[in-house]
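One structure is given below, encoded as structure tokens.
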2 protein chains.
Amino acid sequence: MSRFARICSFLCLSTLASADEGMWLYNNPPRQQLAEKYHFEPSTQWLEHLQKASVRFNSGGSGSFVSANGLVITNHHVGADTLQKLSSAEHNYLHDGFYAKTRTEEQRALDLELNVLEAIEDVTARVNAVVQPKMDSAAALAARRAAIAQIEKESKEQTGLRSDVVTLYQGGLYQLYRYKVFTDVRLVFAPEQQAAFYGGDPNNFEYPRYDLDICIFRVYENGQPAKIEQYLKFNSAGPQPNDFVFVSGNPGRTERELTITDLADFRDRRLPQYLATFYRREVAMMSYSARSFENARRAREDLFGVQNSRKAMRGMLGGLLDPAVFGKLEEAENNLRREFLKRAESEADFKKALDAYDKIKKAQVEIKNSANLYDYYEEERPRVTVYRQPRGFGGTLFKYARYLVRLAEERTKPNGERLPVFQDAALPSLELSLLSSEPVYDDFETLLLTDSLTDLTTRFGADDPWLQKVLADKSPENRAAELVSGTKLKDLAFRKKLWDADTATLKAANDPMLELAMMIDPTARAARKIFDSNEEVKKQAYGAIAKARFASRGANTYPDATFTLRLSYGTVRGYEEDGKSTPAFTDFAGLFARAAEHSNKAPFDLPSRWFERKDRLSLGTRFNFICDADIIGGNSGSPVVNQAGQFVGVIFDGNIHSLVLDYIYEDQQARAVSVDSTAILEALRKVYDAGPLADELTGQASPAQKVAVVGAVN
Amino acid sequence: MSRFARICSFLCLSTLASADEGMWLYNNPPRQQLAEKYHFEPSTQWLEHLQKASVRFNSGGSGSFVSANGLVITNHHVGADTLQKLSSAEHNYLHDGFYAKTRTEEQRALDLELNVLEAIEDVTARVNAVVQPKMDSAAALAARRAAIAQIEKESKEQTGLRSDVVTLYQGGLYQLYRYKVFTDVRLVFAPEQQAAFYGGDPNNFEYPRYDLDICIFRVYENGQPAKIEQYLKFNSAGPQPNDFVFVSGNPGRTERELTITDLADFRDRRLPQYLATFYRREVAMMSYSARSFENARRAREDLFGVQNSRKAMRGMLGGLLDPAVFGKLEEAENNLRREFLKRAESEADFKKALDAYDKIKKAQVEIKNSANLYDYYEEERPRVTVYRQPRGFGGTLFKYARYLVRLAEERTKPNGERLPVFQDAALPSLELSLLSSEPVYDDFETLLLTDSLTDLTTRFGADDPWLQKVLADKSPENRAAELVSGTKLKDLAFRKKLWDADTATLKAANDPMLELAMMIDPTARAARKIFDSNEEVKKQAYGAIAKARFASRGANTYPDATFTLRLSYGTVRGYEEDGKSTPAFTDFAGLFARAAEHSNKAPFDLPSRWFERKDRLSLGTRFNFICDADIIGGNSGSPVVNQAGQFVGVIFDGNIHSLVLDYIYEDQQARAVSVDSTAILEALRKVYDAGPLADELTGQASPAQKVAVVGAVN
């Protein structure tokens, strides 16, 4: 594809999203696009059905209800954290898989929270009303935060539902999202990681693929399987080539509304720094894992997470470093600014939008100047990951210490003035995370903390006097070992005891990790203050740009992803690359062929079960497929549904070309990768002896279910 | 060990090297120490025998002659580069091993050069005579470089021997080293890499070990096995616990004379930056290798090299980040400066030495300020590796381009004004490297070049106008692909044709890689000019400190390592760590036990041959052993000899505690790791069916050899 063709296609896109672009809000679906391109007009009932059958995993993924009795299907890699935490040296569910033949065998996840979106309400006017023109950015942030906390609290009290105010269009809109929450989530089925993540890191973000990347849970209420009205009927035939399909899920974050200033900072500073951190962590974990099977088991989930993020960020950086892509982004901004300029003299909002670009630039410089303290002491915010620990203090034990220290202090403040994680509405999620009984391994914790303290030390220089206090005049390695062996935070009972503790009690606990967290807290909070106030400046500036964009181009568009429910759509189709065409579907035969090609060596090895049952399998069964729907990280586990609203597959990856979707939609080569619904049934029945589960999915379990299915679909 | 004890032991060391410290010059051996501690007085003949039986590998390692017919034993990892280059998709000698049953099967290495030290001559006065007090540092450097080139050239012409002027004591002494050179070096035997590097990266720099890390070559002259007079008799019994042993080899580089300013720069800047590069390369190569067996084969040697350097530097950084270690180093410098201060008023040389510390500091700041250009465009100089390419331009093809471009220009200058690699005396080595027929793989080259161009881009920022010229308005990935696919430098005939080319001819060649190398050359050379002139300032300053140290403490000491021949000594003994004692020896039984513990999974898997022949082996045979001799990288492959001058083992590693030896000698836990001579014979005879080779080693091959052995040993 020539650069000219790309710019041309972009210019066409720049005024109205066409092609299959968009992560659309459920309260502003792409009616026009669907009608024009696909002659499809979704009814309100159709949309509500899909919305309420969609599930968000608080650990960072998506899923859907697929039975009347609470079955939820998602990806193996979304469930992997739970599989790891339920595992031990004796039972390695992550590696070996899991199947609960009866309901009593279903195992409760230690800290999973599932959210189902019930309603959306616009609260923009109420949030903006509290910000006075004369307020500085810190005051504006505080006022806005207080207003948001108040709205969330009221809603929670009135409805009993989880209530989050979501910032859309970079502050152009504020909307209240109300969720039904499930915290009793039990593991029903997972294949072996070998089958789920077949091809491992080398095949991640690639196509063709052969992955059974699924995990099935069941939600419970009051100790019984939850009765679910809105669930997706499981289509046994899967999609056909060129089928028109929908994806309903929670894309984590995109950067399509960012200014060139901000994007250049991602390209030149933030992405390279995150990558540097991931490179060092990956090497540290690989070395650790290579020492023994047990080490490999302990590190597996974190290692996969790091490899996944590293590969994703590498792809994003590669996109931004391509002058063709960056040129398109620059051109888009220039076009927008020209539109604003034309009306700036006569309309104040357009003048304000133009000024906003300079404000963003200035705030970005201030953030950059204090970034080391913020990233290393407060939290790093790499993209495509939920990791939010300070870069200088790794591991689960420090995370616990930070939470407890902050909880003690934040609880003394009015709800609206607390940091978001500690506000009343968020406390149940925090409790789930802090009081998890997941195993903590001293050696692995020491490894992570040593690495992050070493990174911290070399970032600030070993002679930094403040750092010497952090290290207590020891090497990073010795200090990490001392902290990990000395802390009692490994003990769940100890953490439970401290859940309600005030700062004095924490001090009296004489715990080295708590003491460290207390010591660095003022430094970390000071860095956050600078960061937050500049982020607020940016938020207001992005809000001004978004408002002007609305005014100029209308609202037939979608906001950047915010890990909230969105509707995407597209066509099942392959793509061309370097003159080779990659078809849309793979099949089981291809899986065995690939294993043979690699002499069944890791990560291209198959569990022996697959070989033993190869004869039973219908090898022509479609396994994975691709479509051009607009997705990003967070969409993992999203259902792919047909026009009838039936489940035909589950998204589990994007190809390498899709990584640029973070910044700009592209449909020549970017593709979302899914497991076919047919493959799921075939594997459950023939490989995993899980016929009853397949029956429940296809509605053969009880007559009641069949009725529900018929009633539920559009 | 308490900190007090460590500082105390250091203070004892600081005035006179005691314990088993030292990498001694052959023309200044530790006579006093050997006599006092071991009651051993080596004769001149004993020293000459060991010197001339020692071999340096130009690729960065050591070895020794072990038969009258030219057999040279070194490490597998020293020979690995050759094994990789002789391999193809059909024959993987690196992985599968190699044994030439007859001389006609011995395979000639593509670019190995072996050096045997014949004589040392002091040339300090002659080198220093050309530097006038009024010269600035650039003029001084040029004058010194010209004098050195002249000395080397004269010596080469007079003797026909390779002649290198070696800078010792940071410029305190200049000595002319004359070497006999062997370039017809043929591969005789190598075990499988699995057996040689048993335990892989997890066990690298660790103990206990079970590695058959050997590789055996034979040198030829005029198409016949070279007749070697001075070779080591192979001792079939190996060393005993607490035996006193010698190590003769070429330690690469130590930093024990560095000032605290320089050391702090290593700790805070250089080591972290090198590590960041190694982390990213390791991840890139691991990802590439995981894709297929063939990829893994192509990357294996480079990957091991990177992992090895990464682990070594991580250990060195860990040492410098330990306040106990750094405190000792600071105390040593303070002691020395106090000695100087006492005599500074009355003696000019001591005043000059004190001023030298400030000069080093200032030069170091200037080097640091221009380091990005130097490291990325000219060459990075990480420690513990011979890698000297610019960090921004990786891969073999760029290396070829840089050599050709510089050769064309440098050849037009008088010999003494050329960069060292292009001086007449060095041209044969350059030719060997440039005209090597080693295979070059497009995909692997593209991987390395993409990664380094990406690193370059993010270092300087994508908007850097100069960089945009380098990238030709393309992404790093596209630019790398274009350069690698477009260059003809892969073709040996093309390189041969250009060996004599002038700059105009190179320009006319229209080769994209050559054009890139030509375009960046002025930038790279400008950076080198700044670097070299500051290095010269440092060299003069270090020379002044060294001179004062001599004057204050006498010459009963040794200079920092310079990849030239040194004599170390020590005792075969274990060590204590965290209350556990690690014995000095391992045996074959331990090897099989470790493989079983890891279910024979990589990197703890053994070649099947070892299991098939387990019954034949005497399992109690000693395999690896440790001693406290003072070694560092470059000593790999060094012979360990007993007082009778017999070969009892070959050094292949240091434990993790030995990495700090770069900066300071330590003998509580730091140990050198060797393969026992007994294990070598047992494995050759019983595992590899290489009885005739074992016979040649033990002198059972012919009566002629037996006579030679008797005659050769002290």
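As shown in the structure tokens, the chain order sets the letters A, B, ...; within each chain, residues go from 1, and ligands are also counted from 1 in the order they appear.
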
- Item | Sel. of strand (DSSP E) residues, range 438-639 of chain A, as a ChimeraX atom specification | /A:566-571,575-577,580-582,585-587,622-627,639

- Expected answer as a count of residues only: chain B residues within 7 Å of chain A, only C-alpha atoms: 21

- How many Å separate CA of Val675 in chain B from CA of Phe623 in chain B? 6.1 Å

- Can you tell me, as number ranges by chain, what residues are no more than 10 Å from range 397-411 of chain B when counting only C-alpha atoms, ignoring any on the same chain fewer than 6 positions away? B: 378, 388-390, 417-424, 427, 430-431, 433-435, 440-442, 445-446, 449, 483-484, 487-490, 495, 498-507, 511-518, 520-521

- Message: as a list in words, please: the residues near Ala363 in chain A (cut-off 7 Å, only C-alpha atoms, same-chain neighbours under 3 positions excluded).
- Response: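 In the requested format, the answer is Lys359, Ile360, Glu366, Ile367, Asn534, Val537 and Lys538 of chain A.
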
- Task: List every residue of range 297-469 of chain B that DSSP, applied to the backbone of this structure, places in helix (DSSP H, G or I), and write the result as a PyMOL selection string.
- Result: chain B and resi 297-320+323-344+348-369+371-378+396-410+415-417+420-422+424-434+442-460+465-469

Which residues, written as a PDB file with N, CA, C and O atoms, in the first residue's frame, have at least one atom at most 9 Å from Pro241 in chain A, with only C-alpha atoms counted and residues fewer than 2 positions away on the same chain left out?
ATOM      1  N   PRO A 239     -19.059 -18.616  12.420  1.00  0.00           N
ATOM      2  CA  PRO A 239     -19.310 -17.677  11.335  1.00  0.00           C
ATOM      3  C   PRO A 239     -18.836 -18.236   9.994  1.00  0.00           C
ATOM      4  O   PRO A 239     -18.069 -19.199   9.955  1.00  0.00           O
ATOM      5  N   ASP A 243     -18.892 -13.026   6.671  1.00  0.00           N
ATOM      6  CA  ASP A 243     -20.017 -12.735   7.566  1.00  0.00           C
ATOM      7  C   ASP A 243     -19.793 -11.383   8.235  1.00  0.00           C
ATOM      8  O   ASP A 243     -18.662 -10.979   8.536  1.00  0.00           O
ATOM      9  N   PHE A 244     -20.896 -10.726   8.504  1.00  0.00           N
ATOM     10  CA  PHE A 244     -20.909  -9.461   9.225  1.00  0.00           C
ATOM     11  C   PHE A 244     -21.108  -9.793  10.715  1.00  0.00           C
ATOM     12  O   PHE A 244     -22.021 -10.523  11.068  1.00  0.00           O
ATOM     13  N   THR A 571     -16.178  -7.441   9.408  1.00  0.00           N
ATOM     14  CA  THR A 571     -16.390  -8.538   8.474  1.00  0.00           C
ATOM     15  C   THR A 571     -15.333  -9.608   8.722  1.00  0.00           C
ATOM     16  O   THR A 571     -14.177  -9.286   8.968  1.00  0.00           O
ATOM     17  N   VAL A 572     -15.753 -10.861   8.650  1.00  0.00           N
ATOM     18  CA  VAL A 572     -14.810 -11.979   8.769  1.00  0.00           C
ATOM     19  C   VAL A 572     -14.062 -12.078   7.448  1.00  0.00           C
ATOM     20  O   VAL A 572     -14.652 -12.425   6.426  1.00  0.00           O
ATOM     21  N   ARG A 573     -12.766 -11.743   7.469  1.00  0.00           N
ATOM     22  CA  ARG A 573     -12.003 -11.795   6.213  1.00  0.00           C
ATOM     23  C   ARG A 573     -10.496 -11.847   6.461  1.00  0.00           C
ATOM     24  O   ARG A 573     -10.010 -11.382   7.484  1.00  0.00           O
ATOM     25  N   GLY A 574      -9.777 -12.388   5.489  1.00  0.00           N
ATOM     26  CA  GLY A 574      -8.324 -12.494   5.579  1.00  0.00           C
ATOM     27  C   GLY A 574      -7.654 -11.202   5.145  1.00  0.00           C
ATOM     28  O   GLY A 574      -8.299 -10.158   5.078  1.00  0.00           O
ATOM     29  N   ALA A 584      -9.006 -16.320   6.306  1.00  0.00           N
ATOM     30  CA  ALA A 584      -9.651 -15.927   7.560  1.00  0.00           C
ATOM     31  C   ALA A 584      -9.687 -17.048   8.600  1.00  0.00           C
ATOM     32  O   ALA A 584      -9.684 -16.785   9.793  1.00  0.00           O
ATOM     33  N   PHE A 585      -9.715 -18.304   8.147  1.00  0.00           N
ATOM     34  CA  PHE A 585      -9.918 -19.410   9.093  1.00  0.00           C
ATOM     35  C   PHE A 585      -8.722 -20.354   9.187  1.00  0.00           C
ATOM     36  O   PHE A 585      -8.013 -20.562   8.197  1.00  0.00           O
TER      37      PHE A 585
END
